[in-house]
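Structure first, commentary second.
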Amino acid sequence: MTQITAANALARRAATALQAQQTAAESPQQYLTFVLGGEMFAVGILNVKEIIEYGHLTEIPMMPAFIRGVINLRGAVVPVIDLAARFGGAQSQAGKRTCIVIVEVSENEFRHDIGIMVDAVSEVIEIPASDIEPPPSFGARIRADFIHGMGKVAGKFVILLNIVKVLSIDEIAMLAQVAGDHAGSVGV
């Protein structure tokens, strides 16, 4: 009899947890929106640590074009990625509203702070899950795996980035290695 009662209690807890997950999935999620090359993008606000003014970067030789350099953020070395160049375009030109958004990316058990260079930060918005469409299978100017979804906001689409894919530490390290190897072979 006690086993049945324990099993029922366990089933009720599992059902409550599932319902909480579904409610969380259906509730609006918050995103930080920003402009890049005239298009509106967004990242989940839970990934954003802070937004800082674009300032002095220390360039690192033999890095891919999308790695603009590093900054000293309260004693920590933080790499800065130019998203426009990461998406395959030309390097961004710093303007009056250019910012660096510091995001935290988790890969495996490690957490990394990475700066992303954007043309301008817009606002924090809430987008209900019902207003998020899957990523397009074609026609996007960036890799499909970089897109989490397309959020419908005020009759327009906002590209929701999959920040873990965009800032994949393993992929960036591999690209930096290739750039270093290529630079070494050019000098021979």
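Letters A, B, ... mark the chains of the structure tokens in the order given; residue numbers begin at 1 per chain; ligand numbers begin at 1, in order shown.
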
Open item on the list: Give me, as a ChimeraX atom specification, all polymer residues having an atom no more than 6 Å from region 95-108 of chain A, counting only C-alpha atoms and skipping those fewer than 2 positions away in the same chain.
Closed with: /A:47-54,110-120

Please report, as JSON lines, each residue of region 22-114 of chain A lying at most 10 Å from region 153-157 of chain A, together with the nearest pair of atoms and the separation in Å rounded to one decimal; use only C-alpha atoms, and order rows by chain and ascending residue number.
{"residue": "A:Glu39", "atom": "CA", "partner": "A:Phe157", "partner_atom": "CA", "distance": 9.4}
{"residue": "A:Met40", "atom": "CA", "partner": "A:Phe157", "partner_atom": "CA", "distance": 7.9}
{"residue": "A:Phe41", "atom": "CA", "partner": "A:Phe157", "partner_atom": "CA", "distance": 8.9}

Open item on the list: According to DSSP computed on the backbone, where in region 62-163 of chain A is there helix (DSSP H, G or I)? Give the residues as an MDAnalysis selection string.
Closed with: chainID A and resid 83:86 129:131 144:146 163

Open item on the list: As an exercise, work out the distance from CA of Ile163 (chain A) to CA of Ala42 (chain A) in Å and give it to one decimal place.
Closed with: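 Straight-line distance from CA of Ile163 (chain A) to CA of Ala42 (chain A) works out to 9.5 Å.
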
TODO: Find the residue from A:Ala173, A:Leu160, A:Met150, A:Lys165 that sits nearest to Met63 (chain A); use only C-alpha atoms when measuring.
DONE: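 Answer, going by the shortest atom-to-atom distance: A:Ala173.
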
Open item on the list: Need the shell around Ala85 (chain A): protein/DNA/RNA residues with any atom at most 8 Å away, counting only C-alpha atoms. Skip same-chain ones fewer than 5 positions apart. Format as a VMD selection string?
Closed with: chain A and resid 65 to 66 90 to 92

Residue subset to file, keeping N, CA, C and O atoms, as a PDB file, in the first residue's frame:
ATOM      1  N   ALA A  65      39.119  37.274 -39.141  1.00  0.00           N
ATOM      2  CA  ALA A  65      38.663  38.666 -39.235  1.00  0.00           C
ATOM      3  C   ALA A  65      37.537  38.983 -38.265  1.00  0.00           C
ATOM      4  O   ALA A  65      37.379  40.128 -37.843  1.00  0.00           O
ATOM      5  N   PHE A  66      36.741  37.992 -37.885  1.00  0.00           N
ATOM      6  CA  PHE A  66      35.613  38.276 -36.996  1.00  0.00           C
ATOM      7  C   PHE A  66      36.021  38.418 -35.531  1.00  0.00           C
ATOM      8  O   PHE A  66      35.228  38.862 -34.716  1.00  0.00           O
ATOM      9  N   ALA A  90      31.415  41.808 -44.208  1.00  0.00           N
ATOM     10  CA  ALA A  90      32.606  42.623 -43.974  1.00  0.00           C
ATOM     11  C   ALA A  90      32.647  43.025 -42.501  1.00  0.00           C
ATOM     12  O   ALA A  90      31.629  43.001 -41.808  1.00  0.00           O
ATOM     13  N   GLN A  91      33.843  43.403 -42.042  1.00  0.00           N
ATOM     14  CA  GLN A  91      33.966  43.871 -40.662  1.00  0.00           C
ATOM     15  C   GLN A  91      33.143  45.132 -40.464  1.00  0.00           C
ATOM     16  O   GLN A  91      33.035  45.971 -41.359  1.00  0.00           O
ATOM     17  N   SER A  92      32.554  45.262 -39.275  1.00  0.00           N
ATOM     18  CA  SER A  92      31.758  46.444 -38.932  1.00  0.00           C
ATOM     19  C   SER A  92      32.669  47.638 -38.727  1.00  0.00           C
ATOM     20  O   SER A  92      33.809  47.499 -38.283  1.00  0.00           O
TER      21      SER A  92
END

TODO: Mind checking which residues fall within 8 Å of region 121-127 of chain A, counting only C-alpha atoms, ignoring those fewer than 6 positions away in the same chain, and posting them as a ChimeraX atom specification?
DONE: /A:28-35,45,97-99,151-153

TODO: Please measure the separation of CA of Pro135 (chain A) and CA of Ala84 (chain A), giving the value in Å to one decimal.
DONE: 18.7 Å
